[in-house]
Structures are given as structure tokens and as C-alpha cells.
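**Q** Attaching a single structure in C-alpha cells format; questions to follow.
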Amino acid sequence: SYPIDVDAIREDFPILQRKIGGDVTVPGPSEDDDTPLVYLDNGATSQTPDQVVDAIADYYRTYNSNVHRGIHHLSQEASVAYENAHDRVAEFIGANGREEVVFTKNTTESENLVAYAWGLNELGPEDSVVLTQMEHHASLVTWQQIGKKTGADVRFIRVDEEGRLDMDHARELVDDSTKMVSVVHVSNTLGTVNPVSELADLAHDHGAYIFVDGAQSVPNRPVDVQDIDADFFAFSGHKMCGPTGIGVLYGKEEILEEMEPYLYGGEMIRRVSYDDASWEDLPWKFEAGTPVIAQGIALHAAIDYLDDIGMEKIQRHEEQLVEYAYDELTAFDDVEIYGPPGDDRGGLVAFNLDGVHAHDLSSIVNDYGVAIRAGDHCTQPLHDTLGVAASARASFYLYNTHEEIDVLVDAVDEARQLFG
Ligand SMILES: Cc1ncc(COP(=O)(O)O)c(CN[C@@H](CS)C(=O)O)c1O
């Protein structure tokens, strides 16, 4: 039995009733779709419940307006809703308030905002930035390129054979030259849940900031940024039942206060002359131009939806599924799963089937209606470290079931027979 009512939840996601297999050049259901969809690619993006779709439609239908500019009625309604969305996000992640919550386009932009608005101004050749070998390109490439521009040394904490961080190596790499530690909370490839509080303490012991990439944690488990003591924390709305086009950068108020803006323009200014300009209060200083209004309102609805079910229960549900998937897939000795054991990881498994390239495997399971990801999952250096060109990945969420994992396992077996 599940800790959540999966059947009732699935009713909120009409897309989960879809059949696939027809003409992909025509979006949406077509009469020659004949295979029930099994959606197991939630690490890439989650599906969107009616409650969130309705919130977007309601906004555009009844109070669409630009924010913080007009004083007319609609603009005030939209502005209040947009500002309340910041308050709701702050409450959800344990931030002090809207001043610590910047809306961006996605996790990637949140990483770039800090790398450019802080990193470019504060880092130099005598400094270091410490990442991990399992970082997503959103942080890895960003800090790598900032290192090239500033001369800062970019270091990578080793991953051990079980896909866990080598904390002895972390303590070796983080030293008094370190100004930033940037670490993924839950790896989108290994499923490893990193000891981010311990890494925050290590960073702070050396006077460094810590940036936690929460793209695969905030959607799937309770997160409290003050418990972690993160200086920066980022995640995306589209992985947590929200729309694409919105990400969140959490930052401690005193740090954001000191930081220069990243993008200039309207909204983010207080006073402009031909010679200079002054900036708006937080978080608006970092939200230049017309912001992600509909997306912010929809993210508010997504958080209400998830909170109503309960993040602890969602985490427990995913833990049940991932342990089952791990056990069922590794029942065969020709399947290798990367990362820690099934009872100690986030809700995803990246794996390979001997003799079958991940792309071929994902294509075959797709014939059975199963949507999984294949490739490097934006962690190419990690795949190089693992010694594999690519992997297949199944990632679970609150609406998935054991029966769907059985369809995946059977489809993998079809591939085994085909290529065996
Ligand atoms: C750990 C981690 N960090 C950052 C990102 C980037 O999120 P964006 O919303 O695309 O900016 C992602 C998104 N990972 C997707 C797309 S590569 C996956 O299939 O795993 C992530 O998993």
C-alpha cells in the first residue's frame, strides 16, 4: 500500500491516460496511438496537474496584467498574486521571506545569476571553487567557465565506487582559498543524496559560501534551506508539477543585498538618470523586465498541490518505487545500476543493459509505451568517470506505480531477448 492515494492523484493528470505510438509530428493524441503511456522521465520534467493548468488559465482569462507598473485594478490583482507566489515559495523551502526568493527561468539561470553577479566580481586567481564530479552541467560548466574568466581554481570532489562523495577528499579540497562550494543535493544520474549540511559546515569553516543545486530534491522531499544553512539554493518549477519557464534562486538576504544585479532594465530599478541608476529592493533587484508572472502564480498552485499531499509522503512513495525498480532490474546480472543501493537514493535509477546501447534500449522500451531518458543526463564528465558513454534512466514521481515499473522491467527483458 502507498503512503499517498495514487489513484486519486492520477485523476489530476489526464496525460497519464494517453496512448502513444502514432504520428509524432502531430502533437497530442491521435487515433493511431494504441500503447498506454508509462511516464518514467520525471527527472527531466514532471507532468502538470489540472489544478496548475487551471491556475494558469484562470490568470490569463481573468486577471492578466503586467505587474508593479500599473495602478489599475488588474495590475494590482496580478501584482498581489505574483508577490504572494514569492511568499509561498519562501514558506515552502524555509526561507525568511520573499526578499530571499528570486524568480528566474530555471535552475540553470539561477546558477548563472550567482556565477555572474557574484563570481565574476568576487573571484580571482588566488581563489578556488569546489564542485563535485557528479555536478549537472548547469553548475559544472557555469563555474568551470567562471574559473576560466577569473583565474580561480575549479576543483572536483571525487565520487567513490558506490557513487557517494569522498568526504575525506572534500576536506582536502576545501581550504582557505575556497570562496564557493557548489554541490548537487540529489544527483540526477546516481540518485546519491549528498550530505549538504556537512558540506555547508565545511564551506563556512573556511569562510566560503555554499550553493546547493536542489533541482532533484525540492520536488521530491522536504527541504529547509535554513536547516541546511545554504547560502544559495536553486530549483525549477517544471520538475515539481509546475510550468516550464520558472526557476527559483534562494539566497540569504544579507548576501543578495550586497550582490550587484545580474540583468539590468525595467522593474529592477528605483531611480534612473542619464548618468546612473539605483536599484529596487529585494528580490525585485534581480528580476529585470516583465517577470514570469503566470509561471510564478502556477508555481504557487503547484506548491499548494504538493504540500496538500505532503512532501514526506511523496518522498516515502518514491523510496518504495525506486527500491522496487532497483531490485527488479538487478535481479538480472546483465544490468548495471550506477550509484548507491536501492534503499539509499533519490527516486531514479540510471542503468545499462549489457550489449545494448542506452539509446537503443530507450527506443525499444518506448515501443512498449515507456518514457525513460537515455544519454548523459547533462553529466558528461560523470559518465566519463563511470567509464560509460551513456546510460538509460528511469525517474519516478508521486503518480507512478509498481505496475508501471513492471512494464519497464518487461520491456527491458524484450530488449534483452532482441539483442541477447
Ligand atoms: C541536478 C540538476 N541540476 C540542474 C538541472 C537543470 O534544470 P533546468 O530546469 O533545465 O535549468 C537539472 C535538470 N536535469 C534534467 C535535464 S538535463 C534531467 O533530465 O536530469 C538537474 O537534474
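Ordering of the C-alpha cells sets the chain letters (A, B, ...); residue numbers start at 1 within each chain; ligands are numbered from 1 in the order shown.
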Around ligand 1, at most 6 Å away and counting only C-alpha atoms and all ligand atoms, which residues are there? Put them as number ranges by chain, please.

**A** A: 43-44, 106-108, 136, 138, 184, 187-188, 213, 215-216, 236, 377-378

**Q** Counting only C-alpha atoms, what is within 8 Å of Asp344 (chain A), bar same-chain residues fewer than 4 positions away, as a list in words?

**A**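 Residues near the query, excluding close chain neighbours: Thr192, Val193 and Pro340 of chain A.
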
**Q** Export, as a PDB file, in the first residue's frame, the selected residues with all heavy atoms.

**A**
ATOM      1  N   THR A 192      22.336   9.730  -5.730  1.00  0.00           N
ATOM      2  CA  THR A 192      23.011   9.971  -4.451  1.00  0.00           C
ATOM      3  C   THR A 192      22.429  11.192  -3.760  1.00  0.00           C
ATOM      4  O   THR A 192      22.237  12.233  -4.392  1.00  0.00           O
ATOM      5  CB  THR A 192      24.521  10.210  -4.691  1.00  0.00           C
ATOM      6  OG1 THR A 192      25.036   9.161  -5.503  1.00  0.00           O
ATOM      7  CG2 THR A 192      25.280  10.296  -3.385  1.00  0.00           C
ATOM      8  N   VAL A 193      22.147  11.047  -2.467  1.00  0.00           N
ATOM      9  CA  VAL A 193      21.696  12.183  -1.654  1.00  0.00           C
ATOM     10  C   VAL A 193      22.921  12.670  -0.893  1.00  0.00           C
ATOM     11  O   VAL A 193      23.440  11.965  -0.016  1.00  0.00           O
ATOM     12  CB  VAL A 193      20.582  11.770  -0.679  1.00  0.00           C
ATOM     13  CG1 VAL A 193      20.086  12.990   0.112  1.00  0.00           C
ATOM     14  CG2 VAL A 193      19.421  11.116  -1.436  1.00  0.00           C
ATOM     15  N   PRO A 340      24.321   4.532  -5.323  1.00  0.00           N
ATOM     16  CA  PRO A 340      24.152   3.754  -4.093  1.00  0.00           C
ATOM     17  C   PRO A 340      23.038   2.710  -4.212  1.00  0.00           C
ATOM     18  O   PRO A 340      22.277   2.723  -5.190  1.00  0.00           O
ATOM     19  CB  PRO A 340      23.763   4.838  -3.064  1.00  0.00           C
ATOM     20  CG  PRO A 340      24.148   6.138  -3.667  1.00  0.00           C
ATOM     21  CD  PRO A 340      24.041   5.957  -5.133  1.00  0.00           C
TER      22      PRO A 340
END

**Q** When DSSP works through the backbone of this structure, what residues of region 55-178 of chain A end up as strand (DSSP E), shown as number ranges by chain?

**A** A: 101-104, 128-132, 153-157, 178

**Q** Restricting the calculation to only C-alpha atoms: of A:Val154, A:Leu165, A:Leu249, A:Val26, which residue gets closest to Val141 (chain A)?

**A**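 Nearest candidate to Val141 (chain A) out of A:Val154, A:Leu165, A:Leu249, A:Val26: A:Val154.
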
**Q** Quick one: residues within 7 Å of Phe211 (chain A), only C-alpha atoms, excluding same-chain residues fewer than 4 positions away - as a list in words?

**A**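 Surrounding residues, per the criterion: Val181, Ser182, Val183, Ala230, Asp231, Phe232 and Phe233 of chain A.
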
**Q** Which residues are close to region 119-122 of chain A, i.e. within 12 Å by only C-alpha atoms, leaving aside same-chain residues fewer than 3 positions away? Reply as an mmCIF file with N, CA and C atoms, in the first residue's frame.

**A**
data_model
loop_
_atom_site.group_PDB
_atom_site.id
_atom_site.type_symbol
_atom_site.label_atom_id
_atom_site.label_comp_id
_atom_site.auth_asym_id
_atom_site.auth_seq_id
_atom_site.Cartn_x
_atom_site.Cartn_y
_atom_site.Cartn_z
ATOM 1 N N GLU A 111 21.838 29.358 -11.328
ATOM 2 C CA GLU A 111 23.286 29.133 -11.160
ATOM 3 C C GLU A 111 24.068 30.260 -11.837
ATOM 4 N N ASN A 112 23.658 30.610 -13.061
ATOM 5 C CA ASN A 112 24.376 31.652 -13.808
ATOM 6 C C ASN A 112 24.248 33.011 -13.139
ATOM 7 N N LEU A 113 23.104 33.265 -12.530
ATOM 8 C CA LEU A 113 22.911 34.557 -11.858
ATOM 9 C C LEU A 113 23.990 34.746 -10.798
ATOM 10 N N VAL A 114 24.213 33.732 -9.966
ATOM 11 C CA VAL A 114 25.206 33.850 -8.881
ATOM 12 C C VAL A 114 26.621 33.854 -9.451
ATOM 13 N N ALA A 115 26.832 33.028 -10.485
ATOM 14 C CA ALA A 115 28.173 32.947 -11.068
ATOM 15 C C ALA A 115 28.582 34.290 -11.660
ATOM 16 N N TYR A 116 27.645 34.997 -12.303
ATOM 17 C CA TYR A 116 27.975 36.281 -12.918
ATOM 18 C C TYR A 116 27.853 37.442 -11.942
ATOM 19 N N PRO A 125 42.515 34.864 -9.204
ATOM 20 C CA PRO A 125 43.463 33.742 -9.371
ATOM 21 C C PRO A 125 43.880 33.090 -8.061
ATOM 22 N N GLU A 126 43.732 33.813 -6.945
ATOM 23 C CA GLU A 126 44.171 33.223 -5.669
ATOM 24 C C GLU A 126 43.029 32.455 -5.002
ATOM 25 N N ASP A 127 41.856 32.408 -5.679
ATOM 26 C CA ASP A 127 40.688 31.766 -5.065
ATOM 27 C C ASP A 127 40.429 30.394 -5.673
ATOM 28 N N SER A 128 39.565 29.619 -5.002
ATOM 29 C CA SER A 128 39.135 28.329 -5.581
ATOM 30 C C SER A 128 37.632 28.160 -5.406
ATOM 31 N N VAL A 129 37.076 27.368 -6.316
ATOM 32 C CA VAL A 129 35.662 26.973 -6.270
ATOM 33 C C VAL A 129 35.663 25.451 -6.254
ATOM 34 N N THR A 142 29.059 26.166 -15.725
ATOM 35 C CA THR A 142 28.978 27.565 -15.286
ATOM 36 C C THR A 142 30.202 27.946 -14.468
ATOM 37 N N TRP A 143 30.498 27.194 -13.423
ATOM 38 C CA TRP A 143 31.636 27.539 -12.566
ATOM 39 C C TRP A 143 32.958 27.266 -13.280
ATOM 40 N N GLN A 144 32.978 26.272 -14.129
ATOM 41 C CA GLN A 144 34.192 25.995 -14.923
ATOM 42 C C GLN A 144 34.553 27.208 -15.780
ATOM 43 N N GLN A 145 33.545 27.804 -16.433
ATOM 44 C CA GLN A 145 33.787 28.954 -17.320
ATOM 45 C C GLN A 145 34.101 30.228 -16.516
ATOM 46 N N ILE A 146 33.459 30.352 -15.343
ATOM 47 C CA ILE A 146 33.787 31.498 -14.483
ATOM 48 C C ILE A 146 35.229 31.361 -13.987
ATOM 49 N N GLY A 147 35.633 30.116 -13.742
ATOM 50 C CA GLY A 147 37.030 29.884 -13.349
ATOM 51 C C GLY A 147 37.985 30.338 -14.436
ATOM 52 N N LYS A 148 37.624 30.065 -15.701
ATOM 53 C CA LYS A 148 38.492 30.496 -16.810
ATOM 54 C C LYS A 148 38.537 32.027 -16.915
ATOM 55 N N LYS A 149 37.403 32.658 -16.644
ATOM 56 C CA LYS A 149 37.355 34.129 -16.790
ATOM 57 C C LYS A 149 38.058 34.843 -15.636
ATOM 58 N N THR A 150 38.069 34.210 -14.456
ATOM 59 C CA THR A 150 38.614 34.902 -13.280
ATOM 60 C C THR A 150 39.972 34.361 -12.840
ATOM 61 N N GLY A 151 40.336 33.194 -13.374
ATOM 62 C CA GLY A 151 41.596 32.575 -12.940
ATOM 63 C C GLY A 151 41.440 31.738 -11.692
ATOM 64 N N ALA A 152 40.221 31.688 -11.147
ATOM 65 C CA ALA A 152 40.006 30.873 -9.937
ATOM 66 C C ALA A 152 40.202 29.394 -10.272
ATOM 67 N N THR A 178 39.217 28.712 -0.768
ATOM 68 C CA THR A 178 37.908 28.402 -1.332
ATOM 69 C C THR A 178 36.896 29.504 -1.007
ATOM 70 N N LYS A 179 36.211 29.986 -2.045
ATOM 71 C CA LYS A 179 35.210 31.033 -1.836
ATOM 72 C C LYS A 179 33.791 30.511 -2.084
ATOM 73 N N MET A 180 33.704 29.384 -2.816
ATOM 74 C CA MET A 180 32.389 28.825 -3.122
ATOM 75 C C MET A 180 32.494 27.303 -3.213
ATOM 76 N N VAL A 181 31.533 26.622 -2.562
ATOM 77 C CA VAL A 181 31.338 25.185 -2.751
ATOM 78 C C VAL A 181 29.982 25.037 -3.429
ATOM 79 N N SER A 182 29.935 24.376 -4.592
ATOM 80 C CA SER A 182 28.674 24.219 -5.310
ATOM 81 C C SER A 182 28.402 22.731 -5.474
ATOM 82 N N ALA A 208 33.798 30.179 3.133
ATOM 83 C CA ALA A 208 33.251 30.076 1.767
ATOM 84 C C ALA A 208 31.730 29.985 1.816
ATOM 85 N N TYR A 209 31.095 30.357 0.699
ATOM 86 C CA TYR A 209 29.653 30.164 0.540
ATOM 87 C C TYR A 209 29.390 28.751 0.042
ATOM 88 N N PHE A 211 26.535 26.758 -2.451
ATOM 89 C CA PHE A 211 25.396 26.814 -3.368
ATOM 90 C C PHE A 211 24.904 25.378 -3.526
ATOM 91 N N GLU A 258 24.144 42.532 -0.840
ATOM 92 C CA GLU A 258 25.482 43.005 -1.220
ATOM 93 C C GLU A 258 25.765 42.795 -2.714
ATOM 94 N N MET A 259 25.037 41.867 -3.331
ATOM 95 C CA MET A 259 25.355 41.485 -4.718
ATOM 96 C C MET A 259 24.857 42.522 -5.713
ATOM 97 N N GLU A 260 25.660 42.738 -6.754
ATOM 98 C CA GLU A 260 25.256 43.576 -7.862
ATOM 99 C C GLU A 260 24.180 42.849 -8.680
ATOM 100 N N PRO A 261 23.275 43.569 -9.351
ATOM 101 C CA PRO A 261 22.303 42.913 -10.236
ATOM 102 C C PRO A 261 23.011 42.130 -11.346
ATOM 103 N N TYR A 262 22.262 41.206 -11.916
ATOM 104 C CA TYR A 262 22.793 40.351 -12.993
ATOM 105 C C TYR A 262 22.255 40.817 -14.326
#
